[in-house]
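In what follows, a structure is listed as structure tokens, so that the remarks can point back to it.
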Amino acid sequence: AQTVTQSQPEMSVQEAETVTLSCTYDTSESDYYLFWYKQPPSRQMILVIRQEAYKQQNATENRFSVNFQKAAKSFSLKISDSQLGDAAMYFCAYRSSGGGADGLTFGKGTHLIIQP
Amino acid sequence: DGGITQSPKYLFRKEGQNVTLSCEQNLNHDAMYWYRQDPGQGLRLIYYSQIVNDFQKGDIAEGYSVSREKKESFPLTVTSAQKNPTAFYLCASSIAGQGIYEQYFGPGTRLTVT
């Protein structure tokens, strides 16, 4: 079974600064998908960014980018120019690419605090 | 507007009673999922379904049951056999099959059992 580990229960960053959230995972599969989801106080889960394991290029979405290190099984999220609206729980998630409709395996999350 | 609805937002039950949580989607997705979230924990998969009349157990299916009689609906029943039913429950849907498809989540139902 796959596992996802987020080693930082809480992170704090000054507004407009850059912060990196860590995620490592364990799998024996060679092809899979990785995601970062955001859960603000409303508790609505929102997709931030996604990465296919076979792609070497790191995914980017505006101020959000990832550092995907497949050999190290690491998938960190970098948030540039942090904004107050970025304050939320952030979850790293893994999904097999074996077809069908497998669910996501989530880490325990990192609570991101933005200091004004 | 396309999306996923879950009702009710808050649900209270007495111990020993079964309770059914509703999940409806109008995104025309084949795949649907139920997750449970506890404080300080990530989401854990309870059940998922790829297609009507078919569903699979997730990591923590004990004490739960589901049905998938319609493409749009995937209700979850929390039975009296579930030892710690108080939690936040999230329903999601996605396109089924291979591909890096996003799972879209509903707003969740907070279940409290006393």
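Ordering of the structure tokens sets the chain letters (A, B, ...); residue numbers start at 1 within each chain; ligands are numbered from 1 in the order shown.
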
Quick one: residues within 8 Å of Asp59 in chain B, only C-alpha atoms counted, chain neighbours fewer than 6 positions away excluded, as an MDAnalysis selection string?
chainID B and resid 44:47

List the spatial neighbours of Gly106 in chain B as an MDAnalysis selection string - criterion: any atom at most 9 Å away, only C-alpha atoms, same-chain residues fewer than 5 positions off excluded.
(chainID A and resid 44:45) or (chainID B and resid 3:6 23:25 90:93)

Given only C-alpha atoms as the counted atoms, nearest of B:Gln41, B:Gln56, B:Ser65, B:Asn84 to chain A
B:Gln41

Every residue of chain A that DSSP places in strand (DSSP E), as an MDAnalysis selection string
chainID A and resid 3:5 10:14 19:21 24:26 32:39 46:52 60:61 64:69 74:79 88:96 105:106 110:115

For each of A:Arg50, A:Phe91, A:Ser80, A:Asn67, take the minimum atom-to-atom distance to Ser7 in chain A, counting only C-alpha atoms, then give the residue where this is smallest.
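Among A:Arg50, A:Phe91, A:Ser80, A:Asn67, it is A:Phe91 that comes nearest to Ser7 in chain A.
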
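Excluding Ala87 in chain B itself and same-chain residues fewer than 5 positions from it, the residues having an atom within 9 Å of it are Arg36, Gln37, Asp38, Pro39, Thr109, Arg110, Leu111, Thr112 and Val113 of chain B, counting only C-alpha atoms.
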
For Lys38 in chain A, list every protein, DNA or RNA residue within 7 Å, evaluated using only C-alpha atoms, and leave out those in the same chain fewer than 2 positions away; present the list as a tab-separated table (two decimals) with all heavy atoms, in the first residue's frame.
```tsv
chain	number	residue	atom	x	y	z
A	36	TRP	N	-1.60	18.27	-5.01
A	36	TRP	CA	-1.71	19.10	-3.82
A	36	TRP	C	-3.11	19.69	-3.80
A	36	TRP	O	-3.55	20.30	-4.77
A	36	TRP	CB	-0.69	20.23	-3.82
A	36	TRP	CG	0.67	19.81	-3.35
A	36	TRP	CD1	1.74	19.48	-4.12
A	36	TRP	CD2	1.12	19.71	-2.00
A	36	TRP	NE1	2.83	19.17	-3.32
A	36	TRP	CE2	2.46	19.29	-2.02
A	36	TRP	CE3	0.51	19.93	-0.75
A	36	TRP	CZ2	3.21	19.09	-0.86
A	36	TRP	CZ3	1.24	19.73	0.40
A	36	TRP	CH2	2.58	19.32	0.34
A	40	PRO	N	-9.32	25.40	2.83
A	40	PRO	CA	-9.45	26.61	3.65
A	40	PRO	C	-10.42	26.36	4.81
A	40	PRO	O	-10.98	25.28	4.91
A	40	PRO	CB	-10.00	27.64	2.66
A	40	PRO	CG	-10.68	26.84	1.60
A	40	PRO	CD	-9.95	25.53	1.52
A	45	MET	N	-12.49	21.30	-0.36
A	45	MET	CA	-11.23	20.85	-0.93
A	45	MET	C	-11.07	21.43	-2.34
A	45	MET	O	-11.97	21.30	-3.18
A	45	MET	CB	-11.19	19.32	-1.01
A	45	MET	CG	-11.20	18.63	0.33
A	45	MET	SD	-9.65	18.83	1.21
A	45	MET	CE	-8.62	17.66	0.31
A	46	ILE	N	-9.90	22.03	-2.60
A	46	ILE	CA	-9.64	22.68	-3.87
A	46	ILE	C	-8.31	22.17	-4.42
A	46	ILE	O	-7.30	22.17	-3.72
A	46	ILE	CB	-9.54	24.21	-3.68
A	46	ILE	CG1	-10.83	24.76	-3.06
A	46	ILE	CG2	-9.25	24.92	-5.00
A	46	ILE	CD1	-10.70	26.14	-2.47
A	47	LEU	N	-8.32	21.74	-5.67
A	47	LEU	CA	-7.08	21.28	-6.29
A	47	LEU	C	-6.17	22.47	-6.55
A	47	LEU	O	-6.58	23.47	-7.12
A	47	LEU	CB	-7.38	20.57	-7.61
A	47	LEU	CG	-6.15	20.08	-8.37
A	47	LEU	CD1	-5.46	18.95	-7.61
A	47	LEU	CD2	-6.56	19.60	-9.77
A	48	VAL	N	-4.91	22.34	-6.14
A	48	VAL	CA	-3.92	23.39	-6.35
A	48	VAL	C	-3.06	23.09	-7.57
A	48	VAL	O	-2.87	23.93	-8.45
A	48	VAL	CB	-3.00	23.54	-5.11
A	48	VAL	CG1	-1.89	24.56	-5.37
A	48	VAL	CG2	-3.83	23.94	-3.88
A	88	ALA	N	-4.48	28.05	4.82
A	88	ALA	CA	-5.32	26.86	4.69
A	88	ALA	C	-4.55	25.64	5.15
A	88	ALA	O	-3.36	25.72	5.46
A	88	ALA	CB	-5.75	26.67	3.23
A	89	MET	N	-5.24	24.51	5.18
A	89	MET	CA	-4.57	23.22	5.28
A	89	MET	C	-4.21	22.79	3.86
A	89	MET	O	-5.02	22.93	2.94
A	89	MET	CB	-5.49	22.17	5.90
A	89	MET	CG	-5.69	22.31	7.39
A	89	MET	SD	-4.20	21.95	8.34
A	89	MET	CE	-3.97	20.20	8.00
A	90	TYR	N	-3.01	22.25	3.70
A	90	TYR	CA	-2.58	21.75	2.40
A	90	TYR	C	-2.30	20.25	2.51
A	90	TYR	O	-1.56	19.81	3.39
A	90	TYR	CB	-1.32	22.49	1.93
A	90	TYR	CG	-1.63	23.89	1.44
A	90	TYR	CD1	-1.79	24.94	2.34
A	90	TYR	CD2	-1.79	24.15	0.08
A	90	TYR	CE1	-2.10	26.20	1.91
A	90	TYR	CE2	-2.09	25.43	-0.36
A	90	TYR	CZ	-2.25	26.45	0.55
A	90	TYR	OH	-2.56	27.71	0.11
A	91	PHE	N	-2.90	19.51	1.60
A	91	PHE	CA	-2.77	18.06	1.61
A	91	PHE	C	-2.08	17.59	0.32
A	91	PHE	O	-2.48	17.98	-0.78
A	91	PHE	CB	-4.13	17.38	1.70
A	91	PHE	CG	-4.83	17.61	3.02
A	91	PHE	CD1	-5.79	18.60	3.15
A	91	PHE	CD2	-4.51	16.83	4.12
A	91	PHE	CE1	-6.43	18.81	4.35
A	91	PHE	CE2	-5.15	17.04	5.33
A	91	PHE	CZ	-6.11	18.03	5.44
```

Using Å and a single decimal, report how far CA of Tyr48 in chain B sits from CA of Ser22 in chain A.
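Computed distance, CA of Ser22 in chain A to CA of Tyr48 in chain B, equals 27.9 Å.
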
Give as a list in words every residue of chain B that touches chain A within 8 Å, counting only C-alpha atoms.
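On the chain B side, the interface is Ala31, Tyr33, Gly40, Gln41, Gly42, Leu43, Arg44, Leu45, Tyr48, Ser49, Gln50, Gly58, Ala96, Gly97, Gln98, Gly99, Ile100, Glu102, Tyr104, Phe105, Gly106, Pro107 and Gly108 of chain B.
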
For CA of Tyr25 in chain A and CA of Asn58 in chain A, the interatomic separation in Å (one decimal)
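Separating CA of Tyr25 in chain A from CA of Asn58 in chain A is a distance of 16.7 Å.
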
Extract, using only C-alpha atoms, all DNA, RNA and protein residues at most 6 Å from Ser65 in chain A, discarding same-chain residues fewer than 6 positions from it, and format them as a list in words.
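Selected residues are Ala59, Leu77 and Lys78 of chain A.
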
Two-atom distance - CA of Arg63 in chain A, CA of Glu17 in chain A (Å):
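According to the coordinates, CA of Arg63 in chain A and CA of Glu17 in chain A are separated by 11.2 Å.
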
Using only C-alpha atoms, which residues sit within 8 Å of Ala16 in chain A once same-chain residues fewer than 4 positions away are excluded, as a list in words?
Ser80, Asp81, Ser82 and Gln83 of chain A
